[in-house]
$ cat query23.cif   # mmCIF, C-alpha atoms
data_query
loop_
_atom_site.group_PDB
_atom_site.id
_atom_site.type_symbol
_atom_site.label_atom_id
_atom_site.label_comp_id
_atom_site.auth_asym_id
_atom_site.auth_seq_id
_atom_site.Cartn_x
_atom_site.Cartn_y
_atom_site.Cartn_z
ATOM 1 C CA THR A 281 -49.036 -49.766 2.503
ATOM 2 C CA PHE A 282 -51.364 -46.783 2.298
ATOM 3 C CA ILE A 283 -51.695 -43.555 0.334
ATOM 4 C CA VAL A 284 -51.012 -40.107 1.766
ATOM 5 C CA ASN A 285 -52.533 -37.401 -0.397
ATOM 6 C CA GLU A 286 -50.645 -34.171 -1.028
ATOM 7 C CA ILE A 287 -51.369 -31.135 1.136
ATOM 8 C CA SER A 288 -51.234 -27.820 -0.742
ATOM 9 C CA ALA A 289 -48.955 -24.982 0.342
ATOM 10 C CA GLN A 290 -50.427 -22.554 2.864
ATOM 11 C CA THR A 291 -49.826 -18.933 3.836
ATOM 12 C CA SER A 292 -49.214 -17.519 7.279
ATOM 13 C CA ALA A 293 -52.106 -15.059 6.992
ATOM 14 C CA ASN A 294 -54.481 -15.022 9.977
ATOM 15 C CA LEU A 295 -52.495 -17.378 12.208
ATOM 16 C CA PRO A 296 -53.197 -19.441 14.185
ATOM 17 C CA LYS A 297 -55.634 -21.277 11.938
ATOM 18 C CA MET A 298 -57.031 -24.792 11.474
ATOM 19 C CA ILE A 299 -57.119 -26.705 8.211
ATOM 20 C CA LYS A 300 -58.649 -30.109 7.409
ATOM 21 C CA LEU A 301 -56.182 -32.838 6.434
ATOM 22 C CA PRO A 302 -56.856 -35.594 3.879
ATOM 23 C CA GLU A 303 -57.989 -38.790 5.601
ATOM 24 C CA VAL A 304 -55.508 -41.655 5.347
ATOM 25 C CA TYR A 305 -56.821 -45.231 5.468
ATOM 26 C CA SER A 306 -54.991 -48.560 5.887
ATOM 27 C CA ASP A 307 -56.493 -52.008 5.396
ATOM 28 C CA ALA A 308 -54.403 -53.117 8.397
ATOM 29 C CA ILE A 309 -55.860 -50.874 11.077
ATOM 30 C CA GLY A 310 -58.258 -48.438 9.443
ATOM 31 C CA TYR A 311 -57.586 -44.714 9.654
ATOM 32 C CA VAL A 312 -53.949 -43.643 10.181
ATOM 33 C CA LEU A 313 -53.502 -40.454 12.184
ATOM 34 C CA PRO A 314 -50.659 -38.038 11.445
ATOM 35 C CA LYS A 315 -48.011 -36.842 13.881
ATOM 36 C CA SER A 316 -46.206 -33.521 13.529
ATOM 37 C CA THR A 317 -42.419 -33.411 13.862
ATOM 38 C CA THR A 318 -42.460 -29.593 13.614
ATOM 39 C CA THR A 319 -44.703 -28.605 16.514
ATOM 40 C CA SER A 320 -43.438 -25.010 16.541
ATOM 41 C CA ILE A 321 -45.027 -24.656 13.088
ATOM 42 C CA CYS A 322 -47.952 -27.094 12.959
ATOM 43 C CA ILE A 323 -49.792 -29.390 15.396
ATOM 44 C CA ALA A 324 -51.825 -32.391 14.196
ATOM 45 C CA SER A 325 -55.012 -33.494 15.941
ATOM 46 C CA ALA A 326 -56.796 -36.398 14.221
ATOM 47 C CA PHE A 327 -57.360 -35.086 10.681
ATOM 48 C CA SER A 328 -57.178 -31.417 11.614
ATOM 49 C CA LEU A 329 -53.996 -29.356 11.614
ATOM 50 C CA LYS A 330 -53.381 -26.209 13.630
ATOM 51 C CA ILE A 331 -50.902 -23.918 11.870
ATOM 52 C CA ILE A 332 -49.135 -21.601 14.301
ATOM 53 C CA GLY A 333 -46.113 -20.359 12.331
ATOM 54 C CA GLY A 334 -44.495 -20.063 8.941
ATOM 55 C CA GLY A 335 -41.945 -22.541 7.608
ATOM 56 C CA THR A 336 -41.915 -26.225 6.663
ATOM 57 C CA CYS A 337 -44.553 -28.449 8.268
ATOM 58 C CA ILE A 338 -43.619 -32.153 8.425
ATOM 59 C CA LEU A 339 -46.213 -34.831 9.200
ATOM 60 C CA THR A 340 -45.492 -38.532 9.591
ATOM 61 C CA TYR A 341 -47.819 -41.514 9.228
ATOM 62 C CA GLN A 342 -47.174 -45.076 10.422
ATOM 63 C CA THR A 343 -49.209 -48.129 11.385
ATOM 64 C CA GLN A 344 -48.139 -50.369 14.240
ATOM 65 C CA ALA A 345 -47.755 -54.129 13.908
ATOM 66 C CA ASN A 346 -50.680 -56.370 14.829
ATOM 67 C CA LYS A 347 -51.379 -60.116 14.581
ATOM 68 C CA ASN A 348 -52.068 -59.882 10.865
ATOM 69 C CA TYR A 349 -49.718 -57.141 9.612
ATOM 70 C CA LEU A 350 -46.176 -55.878 10.107
ATOM 71 C CA ALA A 351 -45.659 -52.235 11.038
ATOM 72 C CA SER A 352 -45.633 -49.941 8.022
ATOM 73 C CA GLU A 353 -42.774 -47.781 6.929
ATOM 74 C CA VAL A 354 -42.877 -44.167 8.111
ATOM 75 C CA TYR A 355 -44.480 -42.009 5.442
ATOM 76 C CA SER A 356 -43.674 -38.279 5.499
ATOM 77 C CA GLN A 357 -45.773 -35.428 4.228
ATOM 78 C CA THR A 358 -44.063 -32.038 3.859
ATOM 79 C CA PHE A 359 -45.558 -28.712 2.822
ATOM 80 C CA GLU A 360 -44.698 -25.043 3.161
ATOM 81 C CA ILE A 361 -46.424 -22.305 5.122
ATOM 82 C CA SER A 362 -45.107 -19.182 3.431
ATOM 83 C CA ARG A 363 -44.333 -16.105 5.507
ATOM 84 C CA ASP A 364 -44.980 -12.536 4.378
ATOM 85 C CA ALA A 365 -41.962 -10.843 2.789
ATOM 86 C CA GLN A 366 -40.449 -7.694 4.253
ATOM 87 C CA THR A 367 -37.971 -5.096 2.994
ATOM 88 C CA ILE A 368 -35.104 -3.225 4.667
ATOM 89 C CA THR A 369 -34.103 0.345 3.839
ATOM 90 C CA PHE A 370 -30.362 0.698 4.484
ATOM 91 C CA GLU A 371 -27.864 3.233 3.154
ATOM 92 C CA VAL A 372 -24.146 3.747 3.911
ATOM 93 C CA PRO A 373 -21.380 5.869 2.347
ATOM 94 C CA THR A 374 -19.602 4.182 -0.573
ATOM 95 C CA THR A 375 -16.106 5.197 0.608
ATOM 96 C CA ALA A 376 -14.286 5.692 3.909
ATOM 97 C CA LYS A 377 -10.751 6.137 5.269
ATOM 98 C CA VAL A 378 -8.772 3.743 7.444
ATOM 99 C CA GLY A 379 -8.994 4.831 11.069
ATOM 100 C CA SER A 380 -12.409 6.457 10.727
ATOM 101 C CA LYS A 381 -14.462 5.606 13.796
ATOM 102 C CA GLY A 382 -17.999 5.930 15.028
ATOM 103 C CA LEU A 383 -20.090 5.796 11.856
ATOM 104 C CA THR A 384 -23.653 5.318 13.121
ATOM 105 C CA LEU A 385 -25.624 2.813 11.053
ATOM 106 C CA THR A 386 -29.364 3.210 10.608
ATOM 107 C CA ALA A 387 -31.843 0.925 8.856
ATOM 108 C CA ALA A 388 -35.599 0.441 8.860
ATOM 109 C CA ALA A 389 -37.558 -2.757 8.254
ATOM 110 C CA SER A 390 -41.022 -2.632 6.703
ATOM 111 C CA SER A 391 -42.153 -4.955 9.517
ATOM 112 C CA SER A 392 -40.981 -2.349 12.096
ATOM 113 C CA GLY A 393 -38.869 -5.097 13.694
ATOM 114 C CA ALA A 394 -35.432 -4.443 15.205
ATOM 115 C CA VAL A 395 -32.520 -4.509 12.733
ATOM 116 C CA ALA A 396 -29.103 -5.979 13.670
ATOM 117 C CA PHE A 397 -25.830 -5.137 11.924
ATOM 118 C CA SER A 398 -22.728 -7.160 11.075
ATOM 119 C CA ALA A 399 -19.537 -6.320 9.151
ATOM 120 C CA SER A 400 -16.734 -8.253 7.466
ATOM 121 C CA PRO A 401 -13.895 -8.908 6.986
ATOM 122 C CA SER A 402 -12.676 -8.116 10.495
ATOM 123 C CA SER A 403 -9.324 -6.893 9.100
ATOM 124 C CA VAL A 404 -11.142 -4.049 7.313
ATOM 125 C CA CYS A 405 -14.080 -3.119 9.552
ATOM 126 C CA SER A 406 -15.995 -4.044 12.671
ATOM 127 C CA VAL A 407 -19.370 -3.179 14.125
ATOM 128 C CA MET A 408 -20.495 -2.910 17.741
ATOM 129 C CA GLY A 409 -24.224 -2.435 18.062
ATOM 130 C CA SER A 410 -24.907 0.169 15.385
ATOM 131 C CA THR A 411 -21.428 1.776 15.380
ATOM 132 C CA LEU A 412 -19.050 0.957 12.504
ATOM 133 C CA ASP A 413 -15.246 1.409 12.675
ATOM 134 C CA PHE A 414 -12.741 1.084 9.800
ATOM 135 C CA LYS A 415 -9.489 -0.740 10.609
ATOM 136 C CA GLY A 416 -7.710 -1.488 7.322
ATOM 137 C CA LYS A 417 -7.888 -0.894 3.581
ATOM 138 C CA GLY A 418 -10.140 -3.070 1.419
ATOM 139 C CA VAL A 419 -13.880 -3.594 0.882
ATOM 140 C CA CYS A 420 -16.064 -3.569 3.985
ATOM 141 C CA GLN A 421 -19.292 -5.564 3.674
ATOM 142 C CA VAL A 422 -21.968 -4.261 6.062
ATOM 143 C CA THR A 423 -25.180 -6.262 6.501
ATOM 144 C CA ALA A 424 -28.473 -5.152 8.032
ATOM 145 C CA ASN A 425 -30.566 -8.139 9.125
ATOM 146 C CA GLN A 426 -34.106 -8.509 10.451
ATOM 147 C CA ALA A 427 -34.815 -11.957 11.915
ATOM 148 C CA GLY A 428 -38.517 -12.103 11.072
ATOM 149 C CA THR A 429 -41.335 -13.677 13.079
ATOM 150 C CA ALA A 430 -43.698 -16.639 12.823
ATOM 151 C CA THR A 431 -45.588 -14.811 10.083
ATOM 152 C CA ILE A 432 -42.908 -12.526 8.553
ATOM 153 C CA ALA A 433 -39.911 -13.890 6.639
ATOM 154 C CA PRO A 434 -36.391 -12.772 7.614
ATOM 155 C CA ALA A 435 -34.647 -10.217 5.393
ATOM 156 C CA SER A 436 -31.160 -8.819 4.976
ATOM 157 C CA VAL A 437 -29.394 -6.169 2.878
ATOM 158 C CA THR A 438 -25.619 -5.964 2.350
ATOM 159 C CA LYS A 439 -23.771 -2.811 1.277
ATOM 160 C CA SER A 440 -20.111 -2.371 0.255
ATOM 161 C CA ILE A 441 -17.806 0.406 1.438
ATOM 162 C CA GLN A 442 -14.394 0.926 -0.210
ATOM 163 C CA VAL A 443 -11.935 1.712 2.597
ATOM 164 C CA SER A 444 -8.748 3.506 1.514
ATOM 165 C CA PRO A 445 -5.598 4.455 3.480
ATOM 166 C CA ALA A 446 -5.764 7.678 5.469
ATOM 167 C CA TYR A 447 -3.104 9.805 3.789
ATOM 168 C CA VAL A 448 -1.478 12.489 5.909
ATOM 169 C CA VAL A 449 -1.407 15.819 4.118
ATOM 170 C CA LYS A 450 1.850 17.577 4.949
ATOM 171 C CA LYS A 451 1.712 21.309 5.447
ATOM 172 C CA THR A 452 4.079 23.393 3.279
ATOM 173 C CA ILE A 453 5.747 26.625 4.309
ATOM 174 C CA THR A 454 7.283 29.349 2.132
ATOM 175 C CA CYS A 455 10.831 30.454 2.894
ATOM 176 C CA VAL A 456 12.599 33.499 1.424
ATOM 177 C CA LYS A 457 16.254 34.616 1.180
ATOM 178 C CA GLY A 458 16.551 37.923 -0.577
ATOM 179 C CA SER A 459 14.720 37.524 -3.878
ATOM 180 C CA LYS A 460 14.893 33.728 -3.727
ATOM 181 C CA LYS A 461 11.754 31.902 -2.604
ATOM 182 C CA ILE A 462 11.332 28.167 -1.824
ATOM 183 C CA LYS A 463 8.599 25.935 -0.456
ATOM 184 C CA THR A 464 9.247 23.090 1.967
ATOM 185 C CA THR A 465 7.349 20.518 4.046
ATOM 186 C CA ALA A 466 9.968 20.752 6.789
ATOM 187 C CA SER A 467 8.946 22.216 10.130
ATOM 188 C CA LYS A 468 11.304 25.209 9.674
ATOM 189 C CA CYS A 469 13.135 27.026 6.899
ATOM 190 C CA PRO A 470 16.723 26.119 5.911
ATOM 191 C CA LYS A 471 19.578 28.106 7.406
ATOM 192 C CA GLY A 472 19.687 31.626 5.979
ATOM 193 C CA TYR A 473 16.018 31.581 4.956
ATOM 194 C CA LYS A 474 13.132 33.204 6.742
ATOM 195 C CA GLN A 475 9.565 31.959 6.811
ATOM 196 C CA LYS A 476 7.214 34.198 4.914
#

$ encode --input "query23.cif" --output "structure tokens"
Amino acid sequence: TFIVNEISAQTSANLPKMIKLPEVYSDAIGYVLPKSTTTSICIASAFSLKIIGGGTCILTYQTQANKNYLASEVYSQTFEISRDAQTITFEVPTTAKVGSKGLTLTAAASSSGAVAFSASPSSVCSVMGSTLDFKGKGVCQVTANQAGTATIAPASVTKSIQVSPAYVVKKTITCVKGSKKIKTTASKCPKGYKQK
């Protein structure tokens, strides 16, 4: 057995950067060197660690068997490299009508990264690129998402749009017969009446 001391959380500021790791010693073989299982985030070299991205860094330590000792268990050391937060500015109308097409979505991320859009449920609305269409009544949930980078955390914002049926407003006409006057939504006046 051997002791692996805790590594404090790090930030992704000024990446890539090197930090010194605590030295781990075993009576069986002497110093035990770490191995990284998350090489897209951190790379171990002896008791130095190169941090290249944000996320969870996982290091493992193990001694191999020799004539006096069995192999050790695998000891894991996990710590976080926090990424900088970002915000997304995203506004949509609160209401829409079924059948409305071609609403152009716009959003801006504080990181200046590209923003992608998604919409659900598919029975109410759909999005292609940055164009939103309304297909049925209900609540449309539209999400603007920025994937982040090695040093910037991902972010997303979801907005709700109440989609209501598209009512057809029927045109009324006024029909007269002598002094009698009526209104109708029919396409022409009844027999004996004239359209005014």

$ residues_around --input "query23.cif" --residues "A:Lys461" --least-positions-apart "6" --cutoff "10 Å" --atoms "all atoms listed in the file" --output "ChimeraX atom specification"
/A:454-455,473-476

$ resolve_selection --input "query23.cif" --expression "the PyMOL selection byres ((chain A and resi 417-422) around 10)" --output "PyMOL selection string"
chain A and resi 370-372+374-379+385+397-407+412+414-416+423-425+437-446

$ residues_around --input "query23.cif" --residues "A:Ala326" --least-positions-apart "6" --cutoff "12 Å" --atoms "all atoms listed in the file" --output "PyMOL selection string"
chain A and resi 298-304+311-316+339+341

$ closest_residue --input "query23.cif" --among "A:Ala351, A:Gln344, A:Ala308, A:Asp364" --to "A:Leu295" --atoms "only C-alpha atoms"
A:Asp364

$ closest_residue --input "query23.cif" --among "A:Gly310, A:Ile321, A:Ala394, A:Cys337" --to "A:Pro296" --atoms "all atoms listed in the file"
A:Ile321

$ closest_residue --input "query23.cif" --among "A:Thr281, A:Thr317, A:Ala396, A:Ile368" --to "A:Thr343" --atoms "only C-alpha atoms"
A:Thr281

$ residues_near_point --input "query23.cif" --point "(-39.4, -7.3, 7.4)" --cutoff "6 Å" --atoms "only C-alpha atoms" --output "number ranges by chain"
A: 366-367, 389-391, 435

$ resolve_selection --input "query23.cif" --expression "the PyMOL selection byres ((chain A and resi 452) around 8)" --output "list in words"
Lys450, Lys451, Ile453, Thr454, Lys463, Thr464, Thr465 and Ala466 of chain A

$ closest_residue --input "query23.cif" --among "A:Val456, A:Cys322, A:Ile432, A:Ala289" --to "A:Ser392" --atoms "all atoms listed in the file"
A:Ile432

$ atom_distance --input "query23.cif" --atom1 "atom CA of A:Ile287" --atom2 "atom CA of A:Leu350"
26.8 Å

$ closest_residue --input "query23.cif" --among "A:Met408, A:Val354, A:Ala427, A:Ala293" --to "A:Ile331" --atoms "all atoms listed in the file"
A:Ala293

$ atom_distance --input "query23.cif" --atom1 "atom CA of A:Glu286" --atom2 "atom CA of A:Ala433"
24.2 Å

$ atom_distance --input "query23.cif" --atom1 "atom CA of A:Phe327" --atom2 "atom CA of A:Val284"
12.0 Å

$ build_atoms --input "query23.cif" --residues "stretch 356-392 of chain A" --atoms "N, CA and C atoms" --output "compact mmCIF listing (two decimals), in the frame of the given file"
# COMPACT_ATOMS: atom_id res chain seq x y z
N SER A 356 -43.76 -39.70 5.14
CA SER A 356 -43.67 -38.28 5.50
C SER A 356 -44.45 -37.43 4.51
N GLN A 357 -45.05 -36.40 5.04
CA GLN A 357 -45.77 -35.43 4.23
C GLN A 357 -45.22 -34.06 4.60
N THR A 358 -44.69 -33.34 3.62
CA THR A 358 -44.06 -32.04 3.86
C THR A 358 -44.75 -30.98 3.01
N PHE A 359 -45.04 -29.84 3.60
CA PHE A 359 -45.56 -28.71 2.82
C PHE A 359 -45.15 -27.41 3.49
N GLU A 360 -45.18 -26.35 2.71
CA GLU A 360 -44.70 -25.04 3.16
C GLU A 360 -45.84 -24.15 3.62
N ILE A 361 -45.55 -23.40 4.70
CA ILE A 361 -46.42 -22.30 5.12
C ILE A 361 -45.61 -21.04 4.89
N SER A 362 -45.92 -20.33 3.81
CA SER A 362 -45.11 -19.18 3.43
C SER A 362 -45.35 -18.00 4.37
N ARG A 363 -44.24 -17.30 4.68
CA ARG A 363 -44.33 -16.10 5.51
C ARG A 363 -44.34 -14.86 4.62
N ASP A 364 -44.93 -13.79 5.13
CA ASP A 364 -44.98 -12.54 4.38
C ASP A 364 -43.57 -11.97 4.23
N ALA A 365 -43.27 -11.45 3.04
CA ALA A 365 -41.96 -10.84 2.79
C ALA A 365 -41.89 -9.47 3.45
N GLN A 366 -40.67 -9.04 3.75
CA GLN A 366 -40.45 -7.69 4.25
C GLN A 366 -39.24 -7.10 3.54
N THR A 367 -39.10 -5.79 3.61
CA THR A 367 -37.97 -5.10 2.99
C THR A 367 -37.22 -4.30 4.06
N ILE A 368 -35.94 -4.03 3.77
CA ILE A 368 -35.10 -3.22 4.67
C ILE A 368 -34.54 -2.05 3.88
N THR A 369 -34.70 -0.86 4.42
CA THR A 369 -34.10 0.34 3.84
C THR A 369 -32.80 0.61 4.59
N PHE A 370 -31.68 0.63 3.85
CA PHE A 370 -30.36 0.70 4.48
C PHE A 370 -29.39 1.39 3.53
N GLU A 371 -28.83 2.49 3.97
CA GLU A 371 -27.86 3.23 3.15
C GLU A 371 -26.59 3.51 3.97
N VAL A 372 -25.44 3.42 3.30
CA VAL A 372 -24.15 3.75 3.91
C VAL A 372 -23.32 4.52 2.89
N PRO A 373 -22.26 5.23 3.33
CA PRO A 373 -21.38 5.87 2.35
C PRO A 373 -20.67 4.81 1.51
N THR A 374 -20.28 5.15 0.30
CA THR A 374 -19.60 4.18 -0.57
C THR A 374 -18.10 4.12 -0.32
N THR A 375 -17.54 5.17 0.31
CA THR A 375 -16.11 5.20 0.61
C THR A 375 -15.86 5.66 2.03
N ALA A 376 -14.69 5.27 2.56
CA ALA A 376 -14.29 5.69 3.91
C ALA A 376 -12.77 5.60 4.00
N LYS A 377 -12.20 6.16 5.05
CA LYS A 377 -10.75 6.14 5.27
C LYS A 377 -10.42 5.22 6.44
N VAL A 378 -9.26 4.57 6.34
CA VAL A 378 -8.77 3.74 7.44
C VAL A 378 -8.65 4.61 8.69
N GLY A 379 -9.09 4.09 9.81
CA GLY A 379 -8.99 4.83 11.07
C GLY A 379 -10.24 5.62 11.40
N SER A 380 -11.15 5.75 10.44
CA SER A 380 -12.41 6.46 10.73
C SER A 380 -13.20 5.64 11.74
N LYS A 381 -13.74 6.30 12.74
CA LYS A 381 -14.46 5.61 13.80
C LYS A 381 -15.83 6.23 14.02
N GLY A 382 -16.73 5.42 14.53
CA GLY A 382 -18.00 5.93 15.03
C GLY A 382 -19.03 6.26 13.99
N LEU A 383 -19.01 5.59 12.81
CA LEU A 383 -20.09 5.80 11.86
C LEU A 383 -21.35 5.10 12.38
N THR A 384 -22.41 5.88 12.59
CA THR A 384 -23.65 5.32 13.12
C THR A 384 -24.50 4.76 11.98
N LEU A 385 -24.82 3.48 12.07
CA LEU A 385 -25.62 2.81 11.05
C LEU A 385 -27.11 2.92 11.41
N THR A 386 -27.92 3.17 10.40
CA THR A 386 -29.36 3.21 10.61
C THR A 386 -30.04 2.42 9.49
N ALA A 387 -31.06 1.69 9.84
CA ALA A 387 -31.84 0.92 8.86
C ALA A 387 -33.26 0.78 9.39
N ALA A 388 -34.19 0.60 8.47
CA ALA A 388 -35.60 0.44 8.86
C ALA A 388 -36.20 -0.74 8.11
N ALA A 389 -36.87 -1.61 8.85
CA ALA A 389 -37.56 -2.76 8.25
C ALA A 389 -39.03 -2.43 8.06
N SER A 390 -39.61 -2.90 6.96
CA SER A 390 -41.02 -2.63 6.70
C SER A 390 -41.92 -3.28 7.74
N SER A 391 -41.38 -4.30 8.45
CA SER A 391 -42.15 -4.96 9.52
C SER A 391 -42.10 -4.18 10.83
N SER A 392 -41.24 -3.14 10.88
CA SER A 392 -40.98 -2.35 12.10
C SER A 392 -40.19 -3.13 13.14
